[in-house]
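Inspection log for the structure reproduced underneath, given as structure tokens.
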Amino acid sequence: MAEAPRPWRGVIEEYRQWLPVTPETPVVTLGEGGTPLVPSAWLSEVTGCSVWVKVEGSNPTGSFKDRGMTVAVSRAAQAGVKVVVCASTGNTSASAAAYAVRAGLSPVVLVPEGRIAAGKLAQAIVYGARLVQVQGNFDDCLKVARGLCERYPVVLVNSANEDGFRLAGQKTAAFEVVDSLGDAPDIHILPVGNAGNITAYWLGYQEYAAAGRSRRLPRMWGFQAEGAAPIVRGAQVSQPETVATAIRVGNPARWQDAVAALEESGGRIDAVPDDAILAAQAGLAARDGIFVEPASAVGVAGLLRAREAGLVDPGQTIVITVTGHGLKDVETALSAAGEVEKVVVPPDAEATARALGLD
Ligand SMILES: *Cc1c(COP(=O)(O)O)cnc(C)c1O
């Protein structure tokens, strides 16, 4: 007899024993997690490896930020606060806004003035966040957010937070990879901005291995954009610049943790230029049917460059996290696509066939 189907319950209920929640925690969820792990025929062929893409744009607000936000907002609701605040390059604000209103809390989001993708701005506005544009970059937003939390009755829901709630939620993506593949991959590749996610995955892989759920640990490979590569360069970047707005960060809050993850796992971190990021974004869409935002293509660009440099041995299992949905930032994608041939026809099948060269 077939088992009754069970709907995915969101990361807190699916992975409760691994998370900092108690029976008293009110679970604020939108059914996040349980995202597709899709084989990439393109990248597998190019590398001679078995390459899988973890599609985090399939989360409820279109990025992996939802995994951590369900935990952070549930705990904020449990603590009885009324206002949550975050600094954001865009996706954190969209996620914080959605989860906060669902819990009946007021979201305040701090974004760099004029520097966030239109889709993300629209999300924060439509979810009903109080949107504050800070005259500065992401790092300045985070400073302001921390200042507010020190002096006023608001709770910070950034992954920089000492409480670790966001990272705890985000580590569930590593659990899902192991649950799907039956073990950890040889290499796990991620884009790196504030460096919370790479830290969280490493935590997740270690916890699962320690509990006997996997036999091995992956090497963690991180990639930054060339104009925002403080960890690669070993120095803060005061004016980070890249088309990949979600990783336009000059002083990552989880810098030391990320370096520890790279060292402990025998991994590596490198930088990729914007043109390679946009080419990877286009390739992933046109070859594999996966449309991601520019920051999410950084891992793909990194893998391709590593292969060119002879750093990818064939026969390995590789997972790349693509962090956010392509519809978040259509302006960048369309301008990268350049002039698109305009086909205009009368409402007639034969004329359309002629225009398409089908006849
Ligand atoms: C937040 C974000 C990142 C960077 O993650 P960090 O944890 O800051 O390193 C990458 N891609 C997207 C789409 C994001 O929203």
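Please note that chains go A, B, ... in the order of the structure tokens, that every chain numbers its residues from 1, and that ligands are numbered from 1 in the order shown.
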
Mind dumping a table of every region 185-239 of chain A residue within 10 Å of region 16-39 of chain A, with the nearest atom pair and its distance in Å to one decimal, using only C-alpha atoms, sorted by chain and rising number, as a Markdown table?
| residue | atom | partner | partner_atom | distance |
| --- | --- | --- | --- | --- |
| A:Gly204 | CA | A:Trp18 | CA | 9.1 |
| A:Glu207 | CA | A:Trp18 | CA | 8.6 |
| A:Tyr208 | CA | A:Trp18 | CA | 9.4 |

Keeping only N, CA, C and O atoms, write those residues as a PDB file, in the first residue's frame.
ATOM      1  N   GLY A 204      26.428  22.387   9.242  1.00  0.00           N
ATOM      2  CA  GLY A 204      25.471  21.322   8.954  1.00  0.00           C
ATOM      3  C   GLY A 204      26.156  20.024   8.566  1.00  0.00           C
ATOM      4  O   GLY A 204      25.821  18.945   9.071  1.00  0.00           O
ATOM      5  N   GLU A 207      27.805  18.484  11.685  1.00  0.00           N
ATOM      6  CA  GLU A 207      26.841  17.905  12.631  1.00  0.00           C
ATOM      7  C   GLU A 207      26.298  16.574  12.108  1.00  0.00           C
ATOM      8  O   GLU A 207      26.151  15.609  12.864  1.00  0.00           O
ATOM      9  N   TYR A 208      25.990  16.536  10.820  1.00  0.00           N
ATOM     10  CA  TYR A 208      25.445  15.304  10.246  1.00  0.00           C
ATOM     11  C   TYR A 208      26.486  14.180  10.283  1.00  0.00           C
ATOM     12  O   TYR A 208      26.161  13.038  10.576  1.00  0.00           O
TER      13      TYR A 208
END

Q | Close residues to ligand 1 using only C-alpha atoms and all ligand atoms, limit 8 Å, as a ChimeraX atom specification | A | /A:57,63-65,89-92,159,190-199,246-247,249,252,293-296,322-325

(Q) Could you tell me how far CA of Ala228 (chain A) sits from CA of Ser58 (chain A), in Å to one decimal place? (A)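 Between these atoms lies a distance of 26.0 Å.
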
Q) Counting only C-alpha atoms, which of A:Tyr127, A:Leu167, A:Lys120, A:Val85 gets nearest to Arg102 (chain A)? A) A:Tyr127

**Q.** Contacts of Gly104 (chain A) at 10 Å (only C-alpha atoms; same-chain gap of 6+ positions) as an MDAnalysis selection string
**A.** chainID A and resid 28 77 82:83

Q. Tell me, which residues of region 22-114 of chain A carry DSSP strand (DSSP E), written as number ranges by chain?
A. A: 37-39, 50-55, 83-87, 106-112

Q) Gly119 (chain A): which residues within 7 Å, counting only C-alpha atoms, same-chain residues fewer than 6 positions away excluded, as a ChimeraX atom specification? A) /A:327-329

Wanna dump the region 112-231 of chain A-region 266-286 of chain A contacts at 12 Å for me, each residue with its shortest atom pair and the distance in Å to one decimal, counting only C-alpha atoms, ordered by chain and number, as a tab-separated table?
residue	atom	partner	partner_atom	distance
A:Asp186	CA	A:Gly267	CA	10.4
A:Ile187	CA	A:Gly267	CA	8.2
A:His188	CA	A:Gly267	CA	9.0
A:Ile189	CA	A:Gly267	CA	9.5
A:Leu190	CA	A:Ile269	CA	9.6
A:Pro191	CA	A:Ile269	CA	9.5
A:Val192	CA	A:Ile269	CA	8.9
A:Gly193	CA	A:Ala271	CA	11.4
A:Ala195	CA	A:Ile269	CA	11.3
A:Ile198	CA	A:Ile269	CA	10.8
A:Trp202	CA	A:Gly267	CA	10.8
A:Leu217	CA	A:Gly266	CA	9.9
A:Pro218	CA	A:Gly267	CA	8.4
A:Arg219	CA	A:Gly267	CA	4.7
A:Met220	CA	A:Gly267	CA	4.7
A:Trp221	CA	A:Arg268	CA	5.0
A:Gly222	CA	A:Ile269	CA	4.6
A:Phe223	CA	A:Asp270	CA	5.1
A:Gln224	CA	A:Ala271	CA	4.7
A:Ala225	CA	A:Val272	CA	5.1
A:Glu226	CA	A:Ala271	CA	4.9
A:Gly227	CA	A:Pro273	CA	7.5
A:Ala228	CA	A:Ala271	CA	8.4
A:Ala229	CA	A:Ala271	CA	6.3
A:Pro230	CA	A:Ala271	CA	9.5
A:Ile231	CA	A:Ile269	CA	7.8

Same residues, N, CA and C atoms, output as a short mmCIF file (atom, residue, chain, number, x, y, z; two decimals), in the first residue's frame:
data_model
loop_
_atom_site.label_atom_id
_atom_site.label_comp_id
_atom_site.auth_asym_id
_atom_site.auth_seq_id
_atom_site.Cartn_x
_atom_site.Cartn_y
_atom_site.Cartn_z
N ASP A 186 31.79 15.46 -2.66
CA ASP A 186 33.23 15.68 -2.51
C ASP A 186 33.52 17.17 -2.32
N ILE A 187 32.78 17.99 -3.09
CA ILE A 187 32.99 19.44 -3.04
C ILE A 187 31.64 20.13 -2.95
N HIS A 188 31.53 21.13 -2.09
CA HIS A 188 30.32 21.97 -2.07
C HIS A 188 30.74 23.40 -2.37
N ILE A 189 30.08 23.99 -3.36
CA ILE A 189 30.46 25.33 -3.85
C ILE A 189 29.37 26.34 -3.54
N LEU A 190 29.79 27.51 -3.02
CA LEU A 190 28.85 28.57 -2.66
C LEU A 190 29.40 29.95 -3.03
N PRO A 191 28.49 30.89 -3.33
CA PRO A 191 28.92 32.29 -3.39
C PRO A 191 29.10 32.80 -1.96
N VAL A 192 30.01 33.75 -1.78
CA VAL A 192 30.29 34.27 -0.44
C VAL A 192 30.13 35.79 -0.41
N GLY A 193 29.24 36.25 0.46
CA GLY A 193 29.05 37.69 0.65
C GLY A 193 29.41 38.05 2.07
N ALA A 195 29.27 35.87 4.29
CA ALA A 195 29.92 34.61 4.67
C ALA A 195 29.15 33.78 5.68
N ILE A 198 28.17 29.95 3.93
CA ILE A 198 29.24 28.93 3.85
C ILE A 198 29.54 28.41 5.25
N TRP A 202 28.89 24.38 6.44
CA TRP A 202 29.98 23.62 7.06
C TRP A 202 29.52 23.07 8.42
N LEU A 217 33.05 14.35 4.80
CA LEU A 217 32.81 15.80 4.79
C LEU A 217 33.25 16.35 3.44
N PRO A 218 32.54 17.34 2.92
CA PRO A 218 32.96 17.91 1.63
C PRO A 218 34.06 18.93 1.83
N ARG A 219 34.80 19.20 0.76
CA ARG A 219 35.64 20.39 0.75
C ARG A 219 34.74 21.57 0.39
N MET A 220 34.86 22.66 1.13
CA MET A 220 34.02 23.83 0.89
C MET A 220 34.79 24.79 -0.03
N TRP A 221 34.16 25.10 -1.17
CA TRP A 221 34.75 26.07 -2.09
C TRP A 221 33.86 27.31 -2.11
N GLY A 222 34.46 28.46 -1.79
CA GLY A 222 33.72 29.71 -1.83
C GLY A 222 34.21 30.59 -2.97
N PHE A 223 33.30 31.39 -3.52
CA PHE A 223 33.70 32.36 -4.54
C PHE A 223 33.10 33.72 -4.24
N GLN A 224 33.92 34.75 -4.40
CA GLN A 224 33.46 36.13 -4.27
C GLN A 224 33.56 36.81 -5.63
N ALA A 225 32.88 37.95 -5.77
CA ALA A 225 33.02 38.74 -6.98
C ALA A 225 34.32 39.54 -6.87
N GLU A 226 35.00 39.71 -8.01
CA GLU A 226 36.31 40.35 -7.98
C GLU A 226 36.30 41.73 -7.31
N GLY A 227 35.23 42.49 -7.52
CA GLY A 227 35.16 43.83 -6.94
C GLY A 227 34.69 43.85 -5.49
N ALA A 228 34.44 42.68 -4.94
CA ALA A 228 33.98 42.59 -3.54
C ALA A 228 34.55 41.30 -2.94
N ALA A 229 35.88 41.23 -2.92
CA ALA A 229 36.54 39.98 -2.53
C ALA A 229 37.46 40.15 -1.32
N PRO A 230 36.94 40.65 -0.20
CA PRO A 230 37.81 40.90 0.95
C PRO A 230 38.50 39.64 1.49
N ILE A 231 37.80 38.52 1.49
CA ILE A 231 38.40 37.30 2.07
C ILE A 231 39.53 36.80 1.16
#

**Q.** 12 Å contact set for Asn161 (chain A), only C-alpha atoms, chain neighbours under 2 positions out, as a list in words
**A.**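 Selected residues are Gly68, Ala72, Val85, Cys86, Ala87, Leu142, Ala145, Arg146, Cys149, Val155, Leu156, Val157, Asn158, Ser159, Asp163, Gly164, Phe165, Arg166, Leu167, Ala168, Asn194, Gly196, Ala253 and Arg254 of chain A.
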
Q | Option closest in space to Phe291 (chain A), from A:Ala122, A:Val46, A:Glu56, A:Ala244 [counting only C-alpha atoms] | A |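 Going through A:Ala122, A:Val46, A:Glu56, A:Ala244 one by one, the smallest distance to Phe291 (chain A) is for A:Glu56.
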
Q | Computed interatomic separation between CA of Asp257 (chain A) and CA of Thr172 (chain A) (Å) | A |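 Between CA of Asp257 (chain A) and CA of Thr172 (chain A) the gap works out to 17.5 Å.
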
**Q.** A:Leu110, A:Ala355, A:Val237, A:Val345 ranked by distance to Asp140 (chain A), top pick (using only C-alpha atoms)
**A.**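 The closest residue to Asp140 (chain A) is A:Leu110.
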
**Q.** Separation of CA of Pro107 (chain A) from CA of Ala124 (chain A) in Å
**A.**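 CA of Pro107 (chain A) lies 9.0 Å from CA of Ala124 (chain A).
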
Q: Among the residues of region 192-359 of chain A, find those DSSP assigns to alpha helix (DSSP H) from the backbone and print them as number ranges by chain.
A: A: 196-210, 230-233, 255-265, 274-288, 298-308, 330-337, 349-356

Restricting it to C-alpha atoms, dump the selection as a PDB file, in the first residue's frame.
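For reference, again38.pdb as written:
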ATOM      1  CA  GLY A 196      27.061  33.316   6.803  1.00  0.00           C
ATOM      2  CA  ASN A 197      25.897  30.661   4.388  1.00  0.00           C
ATOM      3  CA  ILE A 198      29.236  28.931   3.848  1.00  0.00           C
ATOM      4  CA  THR A 199      29.644  28.911   7.630  1.00  0.00           C
ATOM      5  CA  ALA A 200      26.184  27.400   8.051  1.00  0.00           C
ATOM      6  CA  TYR A 201      26.694  24.637   5.472  1.00  0.00           C
ATOM      7  CA  TRP A 202      29.976  23.616   7.064  1.00  0.00           C
ATOM      8  CA  LEU A 203      28.227  23.474  10.441  1.00  0.00           C
ATOM      9  CA  GLY A 204      25.471  21.322   8.954  1.00  0.00           C
ATOM     10  CA  TYR A 205      27.852  18.906   7.260  1.00  0.00           C
ATOM     11  CA  GLN A 206      29.896  18.528  10.446  1.00  0.00           C
ATOM     12  CA  GLU A 207      26.841  17.905  12.631  1.00  0.00           C
ATOM     13  CA  TYR A 208      25.445  15.304  10.246  1.00  0.00           C
ATOM     14  CA  ALA A 209      28.793  13.506   9.978  1.00  0.00           C
ATOM     15  CA  ALA A 210      29.221  13.517  13.772  1.00  0.00           C
ATOM     16  CA  PRO A 230      37.815  40.904   0.949  1.00  0.00           C
ATOM     17  CA  ILE A 231      38.404  37.303   2.072  1.00  0.00           C
ATOM     18  CA  VAL A 232      40.315  36.428  -1.098  1.00  0.00           C
ATOM     19  CA  ARG A 233      42.462  39.566  -0.784  1.00  0.00           C
ATOM     20  CA  TRP A 255      34.834  36.361   7.925  1.00  0.00           C
ATOM     21  CA  GLN A 256      36.693  34.295  10.549  1.00  0.00           C
ATOM     22  CA  ASP A 257      34.087  31.520  10.536  1.00  0.00           C
ATOM     23  CA  ALA A 258      34.309  31.282   6.754  1.00  0.00           C
ATOM     24  CA  VAL A 259      38.096  31.073   6.861  1.00  0.00           C
ATOM     25  CA  ALA A 260      37.789  28.309   9.458  1.00  0.00           C
ATOM     26  CA  ALA A 261      35.340  26.399   7.226  1.00  0.00           C
ATOM     27  CA  LEU A 262      37.710  26.714   4.267  1.00  0.00           C
ATOM     28  CA  GLU A 263      40.736  25.586   6.271  1.00  0.00           C
ATOM     29  CA  GLU A 264      39.084  22.771   8.194  1.00  0.00           C
ATOM     30  CA  SER A 265      37.504  21.316   5.074  1.00  0.00           C
ATOM     31  CA  ASP A 274      31.525  40.221 -13.343  1.00  0.00           C
ATOM     32  CA  ASP A 275      31.607  39.153 -17.002  1.00  0.00           C
ATOM     33  CA  ALA A 276      32.215  35.543 -15.966  1.00  0.00           C
ATOM     34  CA  ILE A 277      29.337  35.806 -13.462  1.00  0.00           C
ATOM     35  CA  LEU A 278      26.933  37.056 -16.132  1.00  0.00           C
ATOM     36  CA  ALA A 279      28.097  34.394 -18.596  1.00  0.00           C
ATOM     37  CA  ALA A 280      27.490  31.705 -15.964  1.00  0.00           C
ATOM     38  CA  GLN A 281      24.042  33.123 -15.236  1.00  0.00           C
ATOM     39  CA  ALA A 282      23.166  32.987 -18.942  1.00  0.00           C
ATOM     40  CA  GLY A 283      24.647  29.508 -19.342  1.00  0.00           C
ATOM     41  CA  LEU A 284      22.778  28.034 -16.406  1.00  0.00           C
ATOM     42  CA  ALA A 285      19.505  29.427 -17.781  1.00  0.00           C
ATOM     43  CA  ALA A 286      20.052  28.465 -21.415  1.00  0.00           C
ATOM     44  CA  ARG A 287      21.695  25.066 -20.821  1.00  0.00           C
ATOM     45  CA  ASP A 288      19.977  23.766 -17.707  1.00  0.00           C
ATOM     46  CA  VAL A 298      29.101  33.043  -8.870  1.00  0.00           C
ATOM     47  CA  GLY A 299      29.608  29.418  -7.823  1.00  0.00           C
ATOM     48  CA  VAL A 300      28.991  28.224 -11.382  1.00  0.00           C
ATOM     49  CA  ALA A 301      31.465  30.779 -12.732  1.00  0.00           C
ATOM     50  CA  GLY A 302      33.938  29.686 -10.078  1.00  0.00           C
ATOM     51  CA  LEU A 303      33.610  26.003 -10.967  1.00  0.00           C
ATOM     52  CA  LEU A 304      34.156  26.716 -14.673  1.00  0.00           C
ATOM     53  CA  ARG A 305      37.273  28.779 -13.974  1.00  0.00           C
ATOM     54  CA  ALA A 306      38.631  26.197 -11.565  1.00  0.00           C
ATOM     55  CA  ARG A 307      38.201  23.530 -14.230  1.00  0.00           C
ATOM     56  CA  GLU A 308      40.044  25.701 -16.776  1.00  0.00           C
ATOM     57  CA  VAL A 330      15.496  41.143 -14.251  1.00  0.00           C
ATOM     58  CA  GLU A 331      17.166  44.452 -15.157  1.00  0.00           C
ATOM     59  CA  THR A 332      20.679  43.043 -14.882  1.00  0.00           C
ATOM     60  CA  ALA A 333      19.723  39.858 -16.736  1.00  0.00           C
ATOM     61  CA  LEU A 334      18.061  41.754 -19.586  1.00  0.00           C
ATOM     62  CA  SER A 335      20.890  44.226 -20.015  1.00  0.00           C
ATOM     63  CA  ALA A 336      23.379  41.340 -20.065  1.00  0.00           C
ATOM     64  CA  ALA A 337      21.283  39.638 -22.752  1.00  0.00           C
ATOM     65  CA  ALA A 349       0.200  30.751 -38.186  1.00  0.00           C
ATOM     66  CA  GLU A 350       1.691  30.639 -41.685  1.00  0.00           C
ATOM     67  CA  ALA A 351       3.236  34.076 -41.395  1.00  0.00           C
ATOM     68  CA  THR A 352       4.601  33.095 -37.971  1.00  0.00           C
ATOM     69  CA  ALA A 353       6.095  29.886 -39.384  1.00  0.00           C
ATOM     70  CA  ARG A 354       7.755  31.895 -42.167  1.00  0.00           C
ATOM     71  CA  ALA A 355       9.190  34.390 -39.679  1.00  0.00           C
ATOM     72  CA  LEU A 356      10.560  31.493 -37.592  1.00  0.00           C
TER      73      LEU A 356
END

Q | Of the listed residues A:Val340, A:Val71, A:Val51, A:Val11, that which approaches Pro185 (chain A) most closely, counting only C-alpha atoms | A |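 Of A:Val340, A:Val71, A:Val51, A:Val11, the one nearest Pro185 (chain A), counting only C-alpha atoms, is A:Val51.
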
Q. Can you list, as a PyMOL selection string, every protein, DNA or RNA residue that comes within 7 Å of Ser95 (chain A) when you count only C-alpha atoms, leaving out same-chain residues fewer than 6 positions away?
A. chain A and resi 61+65-66+69

Can you spit out the residues from that selection as an mmCIF file, in the first residue's frame, using C-alpha atoms?
data_model
loop_
_atom_site.group_PDB
_atom_site.id
_atom_site.type_symbol
_atom_site.label_atom_id
_atom_site.label_comp_id
_atom_site.auth_asym_id
_atom_site.auth_seq_id
_atom_site.Cartn_x
_atom_site.Cartn_y
_atom_site.Cartn_z
ATOM 1 C CA THR A 61 10.541 34.505 -0.908
ATOM 2 C CA LYS A 65 17.437 33.505 3.495
ATOM 3 C CA ASP A 66 14.045 31.947 4.369
ATOM 4 C CA MET A 69 14.472 33.589 8.903
#
